[in-house]
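Chemist: Just dropping this structure here.
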Amino acid sequence: MYRCSACQKSQRLGSGKCESCGKELTWEPRPSIDDKEKSGDLDQFGLVWAAYQCICENASDVTGTEFTQKRKAFARKVNALPSEDESDVSTKVGKLKKRIDGLALELGAPYRQFVINLALFDYRTSGGGRARKNANWLRTRKSGGIDEDVYNRPFEDPLPHVVEQLLSNVPPGTLQFDATSTVAFTSGGNDVLGYVPPSRFTASFPLHLTGVGEHDRPRPLRNPQFPSGTDATNAALKFGYMGSFGFSEPSYSAWNEEGADGPEYSGTRLNLGAYSLNEAYLGNLLHLLEQTERSSNPDHLKGYLAYGGVKKGHVQKLLGIASRAGHTLAATWMRQLVLITRALVAAAREKVDQHQGLTSFFGLLQEKIDRMEFKVAQLEKTANDLTAFEYLWVQESNLWELAVLAASCLSLSEVQATLGTLVEKMQAPWKPTLGAEENAIREELQGVPTGREPCSLHRLLAPTGMAAGRSLFDVLTQKLKYAPHLVTPDKDKLHTFTPYFEFYIGGILNDDPVGPSAKGTQIWVNLSESLHTDLIDAGKRAEKPGKVIASLLGPYLGTLGTNTSKPTVLVIDFTKFAGEMPNQRLYPILGQLARALTRNTTSLDIVFLRSNLKYNTGSLDRYQVGEVLVFNQGPSQLIEEVEADFKRIFTKGVDVYFLGAKKWGLQGEYLSLMRKVYTLSDAIGTWRWAEYEKHW
């Protein structure tokens, strides 16, 4: 509720004025984010009930007190149902399934995506994070209980039981892939290669930080420090365990070295998420980095340098920004998101104006957005307050969900057109770097600037980065006969360019399935966060960042001992380097890097790989993207073969024998939803970056 600043009466927001005395209303968050009671579960229960009442029961006065009280009562009642055994789970699912089924029947095929989004509202692929609006119940096992730290990859792991049940009566559509499209790349400004480092990153340490261990995984890590640390504790600094990386809230993961001859040092990975705009979190991280650099243990220093996580120079620069303007910048980003979400909800409401129930429901969402905008304005006033900062990101979770829910009622071209109307308000240019086709997985980006002649990038999309990587490897080995340069797991040979660990520790880069018949070689490398410190040292706005990276990567490739006279494909994973950099800034850097690496050779082809949307979709991670970018044309038939395999993944799952993965197709709508979320992140990331750049 909201409180009058004068008479202290509590009431609904309404006009923002007190109903008794006319004074301004105020809102304050609870003293600690840990005291927050409303969960993602409650969010979803209430929203599904409201949608059913509006659309199937023709409810009136949906913004009134009585409707609100009934909605909250339903959510609390369902939330109170236990989910500890199979019968309890079935009962709880039944409460929601009845309404999802009714909505699917009433709305039909044109609004299938809308119904699917309601069934998945607040669903996250991994647990963890205290303020993330995470609908944990959607990840409940059939037998009861929840695996808190399990990471479910789309199209690879089973669709969660609860989600599968909720969607079981939603009539499926037919996935028909669109033809290859061409996208004219627009840089968004004259300074196409102007560089600043991203604000999102991970930090890797070659030891278990205090409180981290195999038996601690479900627990949060508070005030991370060295095991021998004697720093005063700051319990407000809190990291939740997560099975993946890149989301909004501070998270960590930990691993063991698996004995003296293990492939890596025991370690901890910290991800600050959006909290890298917070002075307290950055200060703690900088202290840890400085301790590592001063460590008397040679393995600590060697591992720290080799892991390629963020380095001190990058964090020091960000700390300066956070101390000056971190809270203000976060609030600015939230105000941008309010504008975007409101525009999409208004566009959806206008489109469905012939359907009174949907019109009423989107009117309810518009009121929710008004309340969120009011809260953001209140939180913006409270700078240098960690609780206020944290609650800003609770609003981000809410706004992202409503934006995607509205987008599910619009075509992709309508989403792009709606976003295009906001350019003037955002005071920053934006043109979509995705085409408007709903179900395209292959696009050619033309005219990507490199500092010299432009290049083209052929983009291919898969459901996840790992699916894209494994498929690319299979095509290169089995179809094109490029033998992999094998990577031996050895912690003494770790390097910042060492491939991502899942590719070489018991992964695809340990065996050569091609043998003597190889036509050429494939080499895999990883662009780590540590490169940003090198680029900052080269100048805070390095004019030729791609060339700087090429100058560092070239000598590393020379140490591998591969035959450079044979055809070679260099696969460059840029996931961690990219952070939340928008495509308008990122693609020209990649183009310049590829141009620099291939300038004096005709035997080298460049292919880029990314696990996209990890860093730039708030806490909404269920529609992931694996992205492959082929520089110019690439080897003969590579693009066509990868496209064919990606189509197989979208229709059958990663493993054709694992039928559970196929259900991730979400009744044929996953790809279209994925492209809409990618388009949203493209616009939101571009406008956020425009504000962020001003502080460098």
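Just remember, in the structure tokens the first chain shown is A, the second B, etc., residues are 1-based per chain, and ligands are 1-based in the order shown.
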Mind the document's chain letters and residue numbers, and return as a PyMOL selection string the residues of range 492-525 of chain A that DSSP labels alpha helix (DSSP H).

Modeler: chain A and resi 501-504

Chemist: Need the shell around range 482-489 of chain A: protein/DNA/RNA residues with any atom at most 7 Å away, counting only C-alpha atoms. Skip same-chain ones fewer than 3 positions apart. Format as a list in words?

Modeler: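 The contact residues come out as Pro263, Leu476, Thr477, Tyr504, Ile505, Leu509, Asn510, Asp511, Asp512, Val514, Gly515, Ala518, Lys519, Gly520, Thr521, Gln522 and Ile523 of chain A.
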
Chemist: Could those residues be written to a file, using all heavy atoms, as a short mmCIF file (atom, residue, chain, number, x, y, z; two decimals), in the first residue's frame?

Modeler:
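File selection-v7.cif, as written:
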data_model
loop_
_atom_site.label_atom_id
_atom_site.label_comp_id
_atom_site.auth_asym_id
_atom_site.auth_seq_id
_atom_site.Cartn_x
_atom_site.Cartn_y
_atom_site.Cartn_z
N PRO A 263 41.97 -30.72 -13.72
CA PRO A 263 42.14 -29.83 -14.87
C PRO A 263 42.09 -28.35 -14.52
O PRO A 263 42.51 -27.51 -15.32
CB PRO A 263 40.97 -30.20 -15.78
CG PRO A 263 39.92 -30.71 -14.83
CD PRO A 263 40.68 -31.42 -13.74
N LEU A 476 31.55 -29.14 -38.44
CA LEU A 476 32.94 -28.98 -38.87
C LEU A 476 33.67 -30.31 -38.94
O LEU A 476 34.49 -30.53 -39.84
CB LEU A 476 33.67 -28.03 -37.92
CG LEU A 476 33.34 -26.54 -38.05
CD1 LEU A 476 33.95 -25.75 -36.90
CD2 LEU A 476 33.83 -25.99 -39.39
N THR A 477 33.38 -31.20 -38.01
CA THR A 477 34.10 -32.49 -38.00
C THR A 477 33.47 -33.49 -38.95
O THR A 477 34.15 -34.06 -39.81
CB THR A 477 34.14 -33.07 -36.58
OG1 THR A 477 32.81 -33.15 -36.06
CG2 THR A 477 35.00 -32.24 -35.67
N TYR A 504 36.04 -28.25 -23.14
CA TYR A 504 37.31 -28.99 -23.13
C TYR A 504 37.53 -29.86 -21.89
O TYR A 504 38.47 -30.65 -21.87
CB TYR A 504 38.49 -28.04 -23.32
CG TYR A 504 38.99 -27.36 -22.06
CD1 TYR A 504 40.05 -27.91 -21.34
CD2 TYR A 504 38.41 -26.19 -21.59
CE1 TYR A 504 40.51 -27.30 -20.19
CE2 TYR A 504 38.88 -25.57 -20.45
CZ TYR A 504 39.92 -26.13 -19.75
OH TYR A 504 40.37 -25.52 -18.62
N ILE A 505 36.71 -29.75 -20.87
CA ILE A 505 36.83 -30.66 -19.73
C ILE A 505 35.77 -31.74 -19.90
O ILE A 505 34.59 -31.54 -19.61
CB ILE A 505 36.66 -29.91 -18.39
CG1 ILE A 505 37.75 -28.86 -18.22
CG2 ILE A 505 36.69 -30.91 -17.23
CD1 ILE A 505 37.68 -28.10 -16.92
N LEU A 509 36.27 -31.03 -27.28
CA LEU A 509 37.62 -30.73 -27.76
C LEU A 509 38.68 -31.70 -27.21
O LEU A 509 39.87 -31.42 -27.29
CB LEU A 509 38.00 -29.28 -27.40
CG LEU A 509 37.11 -28.21 -28.04
CD1 LEU A 509 37.55 -26.82 -27.60
CD2 LEU A 509 37.12 -28.31 -29.56
N ASN A 510 38.22 -32.83 -26.66
CA ASN A 510 39.16 -33.82 -26.13
C ASN A 510 39.45 -34.97 -27.09
O ASN A 510 40.39 -35.73 -26.90
CB ASN A 510 38.65 -34.41 -24.82
CG ASN A 510 38.54 -33.37 -23.71
OD1 ASN A 510 37.61 -33.41 -22.93
ND2 ASN A 510 39.46 -32.42 -23.67
N ASP A 511 38.62 -35.13 -28.13
CA ASP A 511 38.77 -36.25 -29.05
C ASP A 511 38.71 -35.77 -30.50
O ASP A 511 37.99 -34.82 -30.81
CB ASP A 511 37.68 -37.30 -28.82
CG ASP A 511 37.76 -37.91 -27.44
OD1 ASP A 511 38.81 -38.49 -27.11
OD2 ASP A 511 36.77 -37.80 -26.69
N ASP A 512 39.45 -36.44 -31.35
CA ASP A 512 39.48 -36.12 -32.78
C ASP A 512 38.73 -37.21 -33.55
O ASP A 512 39.25 -38.30 -33.76
CB ASP A 512 40.93 -36.04 -33.27
CG ASP A 512 41.03 -35.75 -34.76
OD1 ASP A 512 39.97 -35.50 -35.38
OD2 ASP A 512 42.15 -35.78 -35.29
N VAL A 514 37.95 -37.08 -36.67
CA VAL A 514 38.24 -36.97 -38.10
C VAL A 514 39.44 -37.82 -38.50
O VAL A 514 39.40 -38.61 -39.44
CB VAL A 514 38.46 -35.50 -38.51
CG1 VAL A 514 38.71 -35.40 -40.01
CG2 VAL A 514 37.26 -34.66 -38.11
N GLY A 515 40.54 -37.65 -37.77
CA GLY A 515 41.73 -38.45 -38.04
C GLY A 515 42.50 -38.01 -39.27
O GLY A 515 42.45 -36.84 -39.67
N ALA A 518 41.54 -35.57 -42.44
CA ALA A 518 41.14 -34.18 -42.21
C ALA A 518 41.48 -33.28 -43.39
O ALA A 518 42.57 -33.33 -43.95
CB ALA A 518 41.81 -33.65 -40.95
N LYS A 519 40.52 -32.43 -43.73
CA LYS A 519 40.73 -31.42 -44.77
C LYS A 519 41.44 -30.20 -44.20
O LYS A 519 42.17 -29.50 -44.89
CB LYS A 519 39.38 -31.01 -45.36
CG LYS A 519 39.42 -29.83 -46.30
CD LYS A 519 38.02 -29.41 -46.71
CE LYS A 519 38.04 -28.14 -47.54
NZ LYS A 519 36.66 -27.69 -47.91
N GLY A 520 41.19 -29.93 -42.92
CA GLY A 520 41.77 -28.77 -42.28
C GLY A 520 41.66 -28.89 -40.77
O GLY A 520 41.39 -29.97 -40.23
N THR A 521 41.85 -27.77 -40.07
CA THR A 521 41.87 -27.74 -38.61
C THR A 521 40.86 -26.73 -38.09
O THR A 521 40.67 -25.67 -38.69
CB THR A 521 43.27 -27.36 -38.10
OG1 THR A 521 44.23 -28.25 -38.64
CG2 THR A 521 43.33 -27.41 -36.58
N GLN A 522 40.23 -27.06 -36.98
CA GLN A 522 39.39 -26.09 -36.27
C GLN A 522 40.04 -25.80 -34.92
O GLN A 522 40.43 -26.71 -34.20
CB GLN A 522 37.97 -26.58 -36.10
CG GLN A 522 37.82 -27.93 -35.43
CD GLN A 522 36.38 -28.32 -35.20
OE1 GLN A 522 35.62 -27.59 -34.55
NE2 GLN A 522 36.00 -29.49 -35.72
N ILE A 523 40.15 -24.52 -34.59
CA ILE A 523 40.73 -24.08 -33.32
C ILE A 523 39.68 -23.27 -32.58
O ILE A 523 39.07 -22.37 -33.16
CB ILE A 523 41.98 -23.21 -33.56
CG1 ILE A 523 43.04 -23.98 -34.36
CG2 ILE A 523 42.56 -22.72 -32.23
CD1 ILE A 523 44.21 -23.11 -34.79
#

Chemist: In Å to one decimal, how far is CA of Val628 in chain A from CA of Phe608 in chain A?

Modeler: 5.6 Å

Chemist: Here is a test: counting only C-alpha atoms, which residue of A:Leu289, A:Arg599, A:Ile684, A:Gly145 is nearest to Val338 in chain A?

Modeler: A:Ile684

Chemist: Nearest to Ser266 in chain A among A:Asp41, A:Asp299, A:Asp605, A:Asp178, with distances taken over only C-alpha atoms: which residue is it?

Modeler: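 Under the stated criterion, the closest residue is A:Asp299.
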
Chemist: Which neighbours of range 302-311 of chain A fall inside 7 Å, counting only C-alpha atoms, when residues of the same chain fewer than 3 positions from it are skipped, and could you give them as number ranges by chain?

Modeler: A: 201-206, 265, 298-299, 314-315, 494-496, 528-530, 533

Chemist: Which residue is closest to Asn439 in chain A? Choose from A:Ala462, A:Leu570, A:Leu207, A:Ala235 and count only C-alpha atoms.

Modeler: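 Looking at the shortest contact to Asn439 in chain A, the residue is A:Ala462.
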